[in-house]
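Structure file start-v3.pdb with PDB, C-alpha atoms and all ligand atoms:
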```
ATOM      1  CA  MET A   1     -65.771-122.122 -41.186  1.00  0.00           C
ATOM      2  CA  ALA A   2     -63.448-119.938 -43.245  1.00  0.00           C
ATOM      3  CA  ASN A   3     -63.787-116.195 -42.843  1.00  0.00           C
ATOM      4  CA  TYR A   4     -64.295-115.271 -46.501  1.00  0.00           C
ATOM      5  CA  ALA A   5     -64.374-111.594 -47.467  1.00  0.00           C
ATOM      6  CA  PHE A   6     -67.546-112.375 -49.434  1.00  0.00           C
ATOM      7  CA  PRO A   7     -69.467-115.576 -50.213  1.00  0.00           C
ATOM      8  CA  PRO A   8     -67.501-117.851 -52.580  1.00  0.00           C
ATOM      9  CA  PHE A   9     -68.885-118.016 -56.129  1.00  0.00           C
ATOM     10  CA  PRO A  10     -71.206-121.039 -56.475  1.00  0.00           C
ATOM     11  CA  GLN A  11     -69.515-124.301 -57.478  1.00  0.00           C
ATOM     12  CA  ALA A  12     -69.942-125.016 -61.206  1.00  0.00           C
ATOM     13  CA  ILE A  13     -71.658-128.385 -61.754  1.00  0.00           C
ATOM     14  CA  VAL A  14     -72.959-130.859 -64.337  1.00  0.00           C
ATOM     15  CA  PRO A  15     -75.884-133.098 -63.348  1.00  0.00           C
ATOM     16  CA  ILE A  16     -75.239-136.845 -63.621  1.00  0.00           C
ATOM     17  CA  ALA A  17     -78.016-138.374 -65.743  1.00  0.00           C
ATOM     18  CA  GLY A  18     -80.533-140.602 -63.985  1.00  0.00           C
ATOM     19  CA  THR A  19     -79.392-139.599 -60.501  1.00  0.00           C
ATOM     20  CA  ASP A  20     -79.760-136.681 -58.100  1.00  0.00           C
ATOM     21  CA  THR A  21     -75.960-136.445 -57.943  1.00  0.00           C
ATOM     22  CA  LEU A  22     -73.995-133.464 -59.252  1.00  0.00           C
ATOM     23  CA  PHE A  23     -70.507-133.570 -60.790  1.00  0.00           C
ATOM     24  CA  PRO A  24     -68.531-130.600 -59.393  1.00  0.00           C
ATOM     25  CA  ILE A  25     -66.391-129.000 -62.111  1.00  0.00           C
ATOM     26  CA  ARG A  26     -62.745-128.260 -61.387  1.00  0.00           C
ATOM     27  CA  ARG A  27     -61.168-127.312 -64.740  1.00  0.00           C
ATOM     28  CA  VAL A  28     -62.289-127.254 -68.373  1.00  0.00           C
ATOM     29  CA  LEU A  29     -59.755-128.147 -71.059  1.00  0.00           C
ATOM     30  CA  CYS A  30     -60.519-128.157 -74.775  1.00  0.00           C
ATOM     31  CA  VAL A  31     -58.716-129.843 -77.674  1.00  0.00           C
ATOM     32  CA  GLY A  32     -58.208-127.891 -80.876  1.00  0.00           C
ATOM     33  CA  ARG A  33     -58.642-129.479 -84.305  1.00  0.00           C
ATOM     34  CA  ASN A  34     -59.214-133.135 -83.488  1.00  0.00           C
ATOM     35  CA  TYR A  35     -61.157-134.081 -86.653  1.00  0.00           C
ATOM     36  CA  ALA A  36     -59.261-134.179 -89.956  1.00  0.00           C
ATOM     37  CA  ALA A  37     -61.868-132.329 -92.039  1.00  0.00           C
ATOM     38  CA  HIS A  38     -62.258-129.526 -89.462  1.00  0.00           C
ATOM     39  CA  ARG A  39     -58.484-129.238 -89.214  1.00  0.00           C
ATOM     40  CA  ARG A  40     -58.434-128.726 -93.006  1.00  0.00           C
ATOM     41  CA  GLU A  41     -61.285-126.168 -92.958  1.00  0.00           C
ATOM     42  CA  MET A  42     -59.327-124.157 -90.356  1.00  0.00           C
ATOM     43  CA  GLY A  43     -56.115-124.374 -92.389  1.00  0.00           C
ATOM     44  CA  GLY A  44     -54.128-126.850 -90.273  1.00  0.00           C
ATOM     45  CA  ASP A  45     -51.783-129.742 -90.927  1.00  0.00           C
ATOM     46  CA  GLU A  46     -53.271-133.181 -90.155  1.00  0.00           C
ATOM     47  CA  ARG A  47     -50.034-134.401 -88.636  1.00  0.00           C
ATOM     48  CA  ASP A  48     -49.891-131.729 -85.917  1.00  0.00           C
ATOM     49  CA  PRO A  49     -50.089-133.153 -82.386  1.00  0.00           C
ATOM     50  CA  PRO A  50     -53.199-132.181 -80.381  1.00  0.00           C
ATOM     51  CA  PHE A  51     -53.098-128.862 -78.570  1.00  0.00           C
ATOM     52  CA  PHE A  52     -55.160-127.638 -75.649  1.00  0.00           C
ATOM     53  CA  PHE A  53     -56.780-124.444 -74.482  1.00  0.00           C
ATOM     54  CA  ALA A  54     -58.986-123.808 -71.449  1.00  0.00           C
ATOM     55  CA  LYS A  55     -62.286-122.273 -70.457  1.00  0.00           C
ATOM     56  CA  PRO A  56     -63.111-121.210 -66.901  1.00  0.00           C
ATOM     57  CA  ALA A  57     -65.319-123.664 -64.990  1.00  0.00           C
ATOM     58  CA  ASP A  58     -68.037-121.031 -64.663  1.00  0.00           C
ATOM     59  CA  ALA A  59     -68.361-120.879 -68.487  1.00  0.00           C
ATOM     60  CA  VAL A  60     -70.232-124.201 -68.318  1.00  0.00           C
ATOM     61  CA  VAL A  61     -74.023-123.960 -68.693  1.00  0.00           C
ATOM     62  CA  SER A  62     -76.041-127.056 -67.751  1.00  0.00           C
ATOM     63  CA  GLY A  63     -79.606-127.694 -68.751  1.00  0.00           C
ATOM     64  CA  GLY A  64     -79.892-125.887 -72.071  1.00  0.00           C
ATOM     65  CA  GLY A  65     -82.308-122.969 -72.046  1.00  0.00           C
ATOM     66  CA  ALA A  66     -81.360-119.578 -73.442  1.00  0.00           C
ATOM     67  CA  ILE A  67     -77.773-118.457 -73.826  1.00  0.00           C
ATOM     68  CA  PRO A  68     -77.427-114.723 -74.371  1.00  0.00           C
ATOM     69  CA  TYR A  69     -75.648-113.605 -77.540  1.00  0.00           C
ATOM     70  CA  PRO A  70     -72.221-112.670 -76.141  1.00  0.00           C
ATOM     71  CA  THR A  71     -70.800-109.188 -76.065  1.00  0.00           C
ATOM     72  CA  ALA A  72     -67.938-107.980 -78.272  1.00  0.00           C
ATOM     73  CA  THR A  73     -68.548-110.271 -81.281  1.00  0.00           C
ATOM     74  CA  GLU A  74     -70.298-110.280 -84.617  1.00  0.00           C
ATOM     75  CA  GLU A  75     -69.310-113.884 -85.347  1.00  0.00           C
ATOM     76  CA  LEU A  76     -70.499-116.373 -82.719  1.00  0.00           C
ATOM     77  CA  HIS A  77     -69.763-119.933 -83.925  1.00  0.00           C
ATOM     78  CA  HIS A  78     -70.980-123.382 -82.845  1.00  0.00           C
ATOM     79  CA  GLU A  79     -68.651-126.363 -82.341  1.00  0.00           C
ATOM     80  CA  ILE A  80     -70.360-129.628 -81.296  1.00  0.00           C
ATOM     81  CA  GLU A  81     -68.059-131.789 -79.151  1.00  0.00           C
ATOM     82  CA  LEU A  82     -67.921-134.995 -77.134  1.00  0.00           C
ATOM     83  CA  VAL A  83     -66.968-134.083 -73.555  1.00  0.00           C
ATOM     84  CA  ILE A  84     -64.918-136.355 -71.282  1.00  0.00           C
ATOM     85  CA  ALA A  85     -65.425-136.126 -67.509  1.00  0.00           C
ATOM     86  CA  ILE A  86     -62.446-137.092 -65.340  1.00  0.00           C
ATOM     87  CA  GLY A  87     -63.068-139.025 -62.125  1.00  0.00           C
ATOM     88  CA  GLY A  88     -59.619-139.441 -60.587  1.00  0.00           C
ATOM     89  CA  GLU A  89     -56.110-138.074 -60.256  1.00  0.00           C
ATOM     90  CA  GLY A  90     -53.493-138.685 -62.924  1.00  0.00           C
ATOM     91  CA  ILE A  91     -50.249-137.208 -64.168  1.00  0.00           C
ATOM     92  CA  GLU A  92     -48.210-138.518 -67.106  1.00  0.00           C
ATOM     93  CA  VAL A  93     -50.487-141.530 -67.474  1.00  0.00           C
ATOM     94  CA  SER A  94     -50.514-144.053 -70.342  1.00  0.00           C
ATOM     95  CA  ALA A  95     -53.535-144.315 -72.630  1.00  0.00           C
ATOM     96  CA  ASP A  96     -54.521-147.527 -70.785  1.00  0.00           C
ATOM     97  CA  ALA A  97     -54.387-145.833 -67.396  1.00  0.00           C
ATOM     98  CA  ALA A  98     -56.083-142.773 -68.892  1.00  0.00           C
ATOM     99  CA  SER A  99     -59.169-144.773 -69.845  1.00  0.00           C
ATOM    100  CA  ARG A 100     -59.563-145.718 -66.164  1.00  0.00           C
ATOM    101  CA  LEU A 101     -59.594-142.018 -65.216  1.00  0.00           C
ATOM    102  CA  ILE A 102     -62.661-141.377 -67.375  1.00  0.00           C
ATOM    103  CA  TYR A 103     -65.803-141.022 -65.242  1.00  0.00           C
ATOM    104  CA  GLY A 104     -68.245-140.460 -68.089  1.00  0.00           C
ATOM    105  CA  TYR A 105     -69.217-138.519 -71.168  1.00  0.00           C
ATOM    106  CA  ALA A 106     -71.445-135.596 -72.104  1.00  0.00           C
ATOM    107  CA  VAL A 107     -72.408-133.590 -75.174  1.00  0.00           C
ATOM    108  CA  GLY A 108     -71.076-130.029 -75.233  1.00  0.00           C
ATOM    109  CA  VAL A 109     -70.829-127.063 -77.558  1.00  0.00           C
ATOM    110  CA  ASP A 110     -67.622-125.012 -77.628  1.00  0.00           C
ATOM    111  CA  LEU A 111     -69.146-121.616 -78.391  1.00  0.00           C
ATOM    112  CA  THR A 112     -66.525-119.428 -80.049  1.00  0.00           C
ATOM    113  CA  ARG A 113     -66.251-115.706 -80.764  1.00  0.00           C
ATOM    114  CA  ARG A 114     -64.594-116.553 -84.097  1.00  0.00           C
ATOM    115  CA  ASP A 115     -63.770-112.952 -85.001  1.00  0.00           C
ATOM    116  CA  LEU A 116     -61.877-112.462 -81.724  1.00  0.00           C
ATOM    117  CA  GLN A 117     -60.165-115.853 -82.084  1.00  0.00           C
ATOM    118  CA  SER A 118     -59.097-115.019 -85.666  1.00  0.00           C
ATOM    119  CA  GLN A 119     -57.717-111.640 -84.589  1.00  0.00           C
ATOM    120  CA  ALA A 120     -55.798-113.283 -81.733  1.00  0.00           C
ATOM    121  CA  LYS A 121     -54.372-115.936 -84.080  1.00  0.00           C
ATOM    122  CA  ALA A 122     -53.247-113.271 -86.569  1.00  0.00           C
ATOM    123  CA  LYS A 123     -51.459-111.341 -83.807  1.00  0.00           C
ATOM    124  CA  GLY A 124     -50.048-114.404 -82.042  1.00  0.00           C
ATOM    125  CA  GLN A 125     -52.099-113.540 -78.955  1.00  0.00           C
ATOM    126  CA  PRO A 126     -53.903-115.871 -76.493  1.00  0.00           C
ATOM    127  CA  TRP A 127     -57.373-117.237 -77.332  1.00  0.00           C
ATOM    128  CA  GLU A 128     -59.163-116.550 -74.028  1.00  0.00           C
ATOM    129  CA  ALA A 129     -61.369-113.746 -75.348  1.00  0.00           C
ATOM    130  CA  GLY A 130     -62.413-115.888 -78.324  1.00  0.00           C
ATOM    131  CA  LYS A 131     -62.989-119.097 -76.372  1.00  0.00           C
ATOM    132  CA  GLY A 132     -63.252-118.641 -72.600  1.00  0.00           C
ATOM    133  CA  PHE A 133     -66.068-116.128 -72.367  1.00  0.00           C
ATOM    134  CA  ASP A 134     -69.146-116.211 -70.124  1.00  0.00           C
ATOM    135  CA  ARG A 135     -71.561-119.088 -70.816  1.00  0.00           C
ATOM    136  CA  SER A 136     -69.413-120.368 -73.705  1.00  0.00           C
ATOM    137  CA  ALA A 137     -69.765-124.043 -72.782  1.00  0.00           C
ATOM    138  CA  PRO A 138     -73.347-125.396 -72.817  1.00  0.00           C
ATOM    139  CA  ILE A 139     -73.367-129.063 -71.803  1.00  0.00           C
ATOM    140  CA  SER A 140     -75.773-132.015 -71.476  1.00  0.00           C
ATOM    141  CA  PRO A 141     -76.064-134.146 -68.341  1.00  0.00           C
ATOM    142  CA  LEU A 142     -73.119-136.474 -67.788  1.00  0.00           C
ATOM    143  CA  HIS A 143     -73.418-140.213 -68.479  1.00  0.00           C
ATOM    144  CA  ARG A 144     -71.380-142.975 -66.854  1.00  0.00           C
ATOM    145  CA  GLY A 145     -70.093-145.805 -68.972  1.00  0.00           C
ATOM    146  CA  HIS A 146     -68.203-146.617 -72.120  1.00  0.00           C
ATOM    147  CA  PRO A 147     -67.173-144.168 -74.821  1.00  0.00           C
ATOM    148  CA  PRO A 148     -69.519-143.914 -77.803  1.00  0.00           C
ATOM    149  CA  SER A 149     -68.731-146.381 -80.599  1.00  0.00           C
ATOM    150  CA  PRO A 150     -66.622-145.240 -83.574  1.00  0.00           C
ATOM    151  CA  ASP A 151     -69.698-145.139 -85.821  1.00  0.00           C
ATOM    152  CA  ALA A 152     -71.700-143.017 -83.350  1.00  0.00           C
ATOM    153  CA  ARG A 153     -72.924-139.848 -85.035  1.00  0.00           C
ATOM    154  CA  ILE A 154     -71.929-136.421 -83.638  1.00  0.00           C
ATOM    155  CA  TRP A 155     -74.199-133.738 -85.045  1.00  0.00           C
ATOM    156  CA  LEU A 156     -75.535-130.212 -84.641  1.00  0.00           C
ATOM    157  CA  ALA A 157     -78.492-128.497 -86.301  1.00  0.00           C
ATOM    158  CA  VAL A 158     -79.547-124.851 -86.319  1.00  0.00           C
ATOM    159  CA  ASN A 159     -83.296-124.217 -86.638  1.00  0.00           C
ATOM    160  CA  GLY A 160     -83.654-127.844 -87.756  1.00  0.00           C
ATOM    161  CA  GLU A 161     -81.006-127.665 -90.503  1.00  0.00           C
ATOM    162  CA  VAL A 162     -78.038-129.983 -89.953  1.00  0.00           C
ATOM    163  CA  ARG A 163     -74.798-128.001 -90.001  1.00  0.00           C
ATOM    164  CA  GLN A 164     -72.336-130.452 -88.482  1.00  0.00           C
ATOM    165  CA  ALA A 165     -72.426-134.238 -88.912  1.00  0.00           C
ATOM    166  CA  GLY A 166     -69.501-136.531 -88.259  1.00  0.00           C
ATOM    167  CA  ALA A 167     -68.618-139.807 -86.619  1.00  0.00           C
ATOM    168  CA  ILE A 168     -66.799-140.264 -83.322  1.00  0.00           C
ATOM    169  CA  GLY A 169     -64.398-142.567 -85.192  1.00  0.00           C
ATOM    170  CA  ASP A 170     -63.238-139.536 -87.224  1.00  0.00           C
ATOM    171  CA  MET A 171     -61.430-138.161 -84.167  1.00  0.00           C
ATOM    172  CA  ILE A 172     -57.674-137.995 -84.792  1.00  0.00           C
ATOM    173  CA  TRP A 173     -56.953-138.639 -81.098  1.00  0.00           C
ATOM    174  CA  SER A 174     -59.206-141.003 -79.100  1.00  0.00           C
ATOM    175  CA  PRO A 175     -60.629-140.041 -75.688  1.00  0.00           C
ATOM    176  CA  ALA A 176     -58.011-142.122 -73.848  1.00  0.00           C
ATOM    177  CA  GLU A 177     -55.196-140.634 -75.951  1.00  0.00           C
ATOM    178  CA  ILE A 178     -56.473-137.118 -75.248  1.00  0.00           C
ATOM    179  CA  VAL A 179     -56.564-137.770 -71.495  1.00  0.00           C
ATOM    180  CA  ALA A 180     -53.041-139.213 -71.634  1.00  0.00           C
ATOM    181  CA  GLN A 181     -51.776-136.196 -73.614  1.00  0.00           C
ATOM    182  CA  ALA A 182     -53.467-133.710 -71.259  1.00  0.00           C
ATOM    183  CA  SER A 183     -51.931-135.480 -68.255  1.00  0.00           C
ATOM    184  CA  ARG A 184     -48.450-134.749 -69.626  1.00  0.00           C
ATOM    185  CA  LEU A 185     -49.213-131.032 -69.303  1.00  0.00           C
ATOM    186  CA  TRP A 186     -51.411-130.839 -66.181  1.00  0.00           C
ATOM    187  CA  GLY A 187     -52.122-132.988 -63.170  1.00  0.00           C
ATOM    188  CA  LEU A 188     -55.676-134.139 -63.871  1.00  0.00           C
ATOM    189  CA  ALA A 189     -58.150-134.543 -61.029  1.00  0.00           C
ATOM    190  CA  ALA A 190     -61.748-135.547 -60.438  1.00  0.00           C
ATOM    191  CA  GLY A 191     -63.982-132.761 -61.700  1.00  0.00           C
ATOM    192  CA  ASP A 192     -62.008-131.951 -64.841  1.00  0.00           C
ATOM    193  CA  LEU A 193     -63.856-131.784 -68.156  1.00  0.00           C
ATOM    194  CA  ILE A 194     -62.182-132.124 -71.545  1.00  0.00           C
ATOM    195  CA  PHE A 195     -63.940-130.956 -74.725  1.00  0.00           C
ATOM    196  CA  THR A 196     -62.510-133.195 -77.454  1.00  0.00           C
ATOM    197  CA  GLY A 197     -62.784-131.087 -80.621  1.00  0.00           C
ATOM    198  CA  THR A 198     -65.382-130.627 -83.335  1.00  0.00           C
ATOM    199  CA  PRO A 199     -66.055-132.117 -86.777  1.00  0.00           C
ATOM    200  CA  GLU A 200     -66.286-129.895 -89.867  1.00  0.00           C
ATOM    201  CA  GLY A 201     -69.185-127.549 -90.539  1.00  0.00           C
ATOM    202  CA  VAL A 202     -68.651-124.936 -87.834  1.00  0.00           C
ATOM    203  CA  GLY A 203     -70.590-121.778 -88.580  1.00  0.00           C
ATOM    204  CA  PRO A 204     -72.371-118.695 -87.282  1.00  0.00           C
ATOM    205  CA  LEU A 205     -75.232-118.426 -84.804  1.00  0.00           C
ATOM    206  CA  SER A 206     -77.685-115.521 -84.737  1.00  0.00           C
ATOM    207  CA  ARG A 207     -79.998-114.158 -82.078  1.00  0.00           C
ATOM    208  CA  GLY A 208     -83.090-116.361 -81.838  1.00  0.00           C
ATOM    209  CA  ASP A 209     -81.457-119.456 -83.343  1.00  0.00           C
ATOM    210  CA  LYS A 210     -82.510-122.825 -81.927  1.00  0.00           C
ATOM    211  CA  VAL A 211     -79.592-125.241 -81.617  1.00  0.00           C
ATOM    212  CA  THR A 212     -80.140-128.994 -81.346  1.00  0.00           C
ATOM    213  CA  SER A 213     -77.212-131.380 -81.142  1.00  0.00           C
ATOM    214  CA  GLY A 214     -76.102-134.751 -79.903  1.00  0.00           C
ATOM    215  CA  VAL A 215     -73.790-137.708 -79.854  1.00  0.00           C
ATOM    216  CA  ASP A 216     -75.456-141.082 -80.498  1.00  0.00           C
ATOM    217  CA  GLY A 217     -75.265-143.251 -77.394  1.00  0.00           C
ATOM    218  CA  VAL A 218     -74.493-140.302 -75.095  1.00  0.00           C
ATOM    219  CA  ASP A 219     -77.209-137.641 -75.087  1.00  0.00           C
ATOM    220  CA  GLU A 220     -78.704-134.669 -76.885  1.00  0.00           C
ATOM    221  CA  LEU A 221     -78.311-130.983 -76.056  1.00  0.00           C
ATOM    222  CA  ALA A 222     -80.634-128.153 -77.087  1.00  0.00           C
ATOM    223  CA  PHE A 223     -80.459-124.426 -76.393  1.00  0.00           C
ATOM    224  CA  THR A 224     -81.442-121.127 -77.941  1.00  0.00           C
ATOM    225  CA  ILE A 225     -79.403-118.009 -78.552  1.00  0.00           C
ATOM    226  CA  GLY A 226     -81.025-115.132 -76.744  1.00  0.00           C
ATOM    227  CA  GLY A 227     -80.978-111.417 -77.545  1.00  0.00           C
TER     228      GLY A 227
HETATM  229 MN    MN A 301     -63.635-126.624 -80.153  1.00  0.00          MN
END
```
Show the structure stored in the file as structure tokens.
Ligand code: MN
Amino acid sequence: MANYAFPPFPQAIVPIAGTDTLFPIRRVLCVGRNYAAHRREMGGDERDPPFFFAKPADAVVSGGGAIPYPTATEELHHEIELVIAIGGEGIEVSADAASRLIYGYAVGVDLTRRDLQSQAKAKGQPWEAGKGFDRSAPISPLHRGHPPSPDARIWLAVNGEVRQAGAIGDMIWSPAEIVAQASRLWGLAAGDLIFTGTPEGVGPLSRGDKVTSGVDGVDELAFTIGG
């Protein structure tokens, strides 16, 4: 038994649907601008290669419920995303090998302090304060199995009004391609999660808002924004 100076912080987890098994989270990577229309609404070039940023594992919130409105922002945004869960080790893998590393899928929301992200972009500074803040990654239970079909709907509604609606087939880079690209930059391992980008329609959330969202064939995710 290690002689820790204080008890280690609890392991971040995602429940695996239909089981009593938990998926222990190692790292959380996120892809920027992976849907053509969202890339355009954020002012990007469709031909850019995918790029990645990270959130800390303890930013993940399982089970919905209430997520407090974060500090230091007046512009909290929602980004509905398909999440890939990695189940094995891989570095510099092909897209074929990458698909074998995928353990399952979940529905996640990449909560964003857009004002802080915009300020960081303008100054050429890192995005952590805009993206990797506390409880910035609500997520559904994880599901084993195949990726959702290209015509599967990915959607998010606020107080019942649909704000984001796209199709998984609109992704510029497929799940296997994203895993292959990420593995060129980091050694992937079981426990990694990759948020795969959001379709167009990102927008603000206010205190008291009820968010419902989902990816057809994967799951749904609901939460509220607290005070
Ligand atoms: Mn995102």
Can you list every residue of chain A that has an atom at most 7 Å from ligand MN 301 (chain A), with its nearest atom pair and the distance in Å to one decimal, using all atoms listed in the file, ordered by chain then number, as CSV?
```
residue,atom,partner,partner_atom,distance
A:Cys30,CA,A:MN301,MN,6.4
A:Val31,CA,A:MN301,MN,6.4
A:Gly32,CA,A:MN301,MN,5.6
A:Glu79,CA,A:MN301,MN,5.5
A:Glu81,CA,A:MN301,MN,6.9
A:Asp110,CA,A:MN301,MN,5.0
A:Phe195,CA,A:MN301,MN,7.0
A:Gly197,CA,A:MN301,MN,4.6
A:Thr198,CA,A:MN301,MN,5.4
```
Quiz prompt | Selection near region 138-146 of chain A, 9 Å with all atoms listed in the file, sequence-local residues under 3 positions removed, as a ChimeraX atom specification | solution = /A:14-18,23,59-64,67,83-85,102-111,135,149,214,218-223
Quiz item: Counting all atoms listed in the file, which of A:Arg27, A:Arg184, A:Arg114, A:Lys55 gets nearest to Val93 (chain A)?
Solution: A:Arg184
Exercise. Tell me which residues the PyMOL selection byres (((chain A and resi 161-174) around 7) and not hetatm) grabs here, as a list in words.
Key: Asn34, Tyr35, Ala36, Ser149, Pro150, Asp151, Ala152, Arg153, Ile154, Trp155, Leu156, Ala157, Val158, Asn159, Gly160, Pro175, Ala176, Glu177, Ile178, Pro199, Glu200, Gly201 and Val202 of chain A
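Take the candidates A:Ser99, A:Asp58, A:Ser183, A:Ala12 and check each one against Asp134 (chain A) using only C-alpha atoms; the shortest distance goes to A:Asp58.
Taking CA of Leu116 (chain A) and CA of Glu128 (chain A) as the two end points, the separation is 9.1 Å.
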Quiz prompt | Separation of CA of Pro50 (chain A) from CA of Thr212 (chain A) in Å | solution = 27.1 Å
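As for CA of Ala122 (chain A) and CA of Gly43 (chain A), they are spaced 12.9 Å apart.
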Practice problem: Please provide the set of residues having any atom within 9 Å of Thr224 (chain A), restricted to all atoms listed in the file, with same-chain residues fewer than 3 positions apart removed, written as a list in words. | Solution: Gly64, Gly65, Ala66, Ile67, Pro68, Arg207, Gly208, Asp209, Lys210, Val211 and Thr212 of chain A
Self-check item: Neighbour list for Ser118 (chain A) as a ChimeraX atom specification, cut-off 9 Å, all atoms listed in the file, skip fewer than 5 positions in-chain
Solution: /A:113,123,127,130
Given the selection you just returned, output its residues as a file containing C-alpha atoms, formatted as a PDB file, in the frame of the given file.
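What ended up in result07.pdb:
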```pdb
ATOM      1  CA  ARG A 113     -66.251-115.706 -80.764  1.00  0.00           C
ATOM      2  CA  LYS A 123     -51.459-111.341 -83.807  1.00  0.00           C
ATOM      3  CA  TRP A 127     -57.373-117.237 -77.332  1.00  0.00           C
ATOM      4  CA  GLY A 130     -62.413-115.888 -78.324  1.00  0.00           C
TER       5      GLY A 130
END
```
For region 130-141 of chain A, I'd like the enclosing box, axis-aligned and padded by 5 Å on every side, reported as lines of an AutoDock Vina configuration file with centre and edge lengths in Å to one decimal.
```
center_x = -69.2
center_y = -125.0
center_z = -73.3
size_x = 23.7
size_y = 28.3
size_z = 20.0
```
Generate the coordinates of N, CA, C and O atoms for region 106-119 of chain A; report them as a short mmCIF file (atom, residue, chain, number, x, y, z; two decimals), in the frame of the given file.
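Written out: part_35.cif:
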```cif
data_model
loop_
_atom_site.label_atom_id
_atom_site.label_comp_id
_atom_site.auth_asym_id
_atom_site.auth_seq_id
_atom_site.Cartn_x
_atom_site.Cartn_y
_atom_site.Cartn_z
N ALA A 106 -70.31 -136.49 -71.89
CA ALA A 106 -71.44 -135.60 -72.10
C ALA A 106 -71.33 -135.02 -73.51
O ALA A 106 -70.33 -135.20 -74.19
N VAL A 107 -72.39 -134.32 -73.90
CA VAL A 107 -72.41 -133.59 -75.17
C VAL A 107 -72.24 -132.12 -74.85
O VAL A 107 -72.95 -131.58 -73.99
N GLY A 108 -71.30 -131.44 -75.51
CA GLY A 108 -71.08 -130.03 -75.23
C GLY A 108 -70.91 -129.24 -76.52
O GLY A 108 -70.66 -129.81 -77.59
N VAL A 109 -71.10 -127.95 -76.42
CA VAL A 109 -70.83 -127.06 -77.56
C VAL A 109 -69.79 -126.04 -77.11
O VAL A 109 -69.97 -125.37 -76.08
N ASP A 110 -68.70 -125.99 -77.86
CA ASP A 110 -67.62 -125.01 -77.63
C ASP A 110 -67.99 -123.75 -78.39
O ASP A 110 -67.63 -123.59 -79.55
N LEU A 111 -68.77 -122.88 -77.73
CA LEU A 111 -69.15 -121.62 -78.39
C LEU A 111 -67.89 -120.75 -78.53
O LEU A 111 -67.07 -120.68 -77.61
N THR A 112 -67.77 -120.12 -79.68
CA THR A 112 -66.53 -119.43 -80.05
C THR A 112 -66.84 -118.06 -80.64
O THR A 112 -67.67 -117.96 -81.54
N ARG A 113 -66.18 -117.01 -80.10
CA ARG A 113 -66.25 -115.71 -80.76
C ARG A 113 -65.18 -115.73 -81.86
O ARG A 113 -64.03 -115.35 -81.63
N ARG A 114 -65.58 -116.24 -83.06
CA ARG A 114 -64.59 -116.55 -84.10
C ARG A 114 -63.82 -115.32 -84.53
O ARG A 114 -62.63 -115.40 -84.84
N ASP A 115 -64.49 -114.16 -84.58
CA ASP A 115 -63.77 -112.95 -85.00
C ASP A 115 -62.65 -112.63 -84.01
O ASP A 115 -61.52 -112.32 -84.42
N LEU A 116 -62.92 -112.75 -82.71
CA LEU A 116 -61.88 -112.46 -81.72
C LEU A 116 -60.78 -113.53 -81.77
O LEU A 116 -59.59 -113.23 -81.63
N GLN A 117 -61.18 -114.80 -81.98
CA GLN A 117 -60.16 -115.85 -82.08
C GLN A 117 -59.28 -115.62 -83.31
O GLN A 117 -58.05 -115.76 -83.23
N SER A 118 -59.88 -115.25 -84.44
CA SER A 118 -59.10 -115.02 -85.67
C SER A 118 -58.13 -113.85 -85.49
O SER A 118 -56.97 -113.92 -85.92
N GLN A 119 -58.60 -112.79 -84.84
CA GLN A 119 -57.72 -111.64 -84.59
C GLN A 119 -56.56 -112.05 -83.68
O GLN A 119 -55.41 -111.66 -83.92
#
```
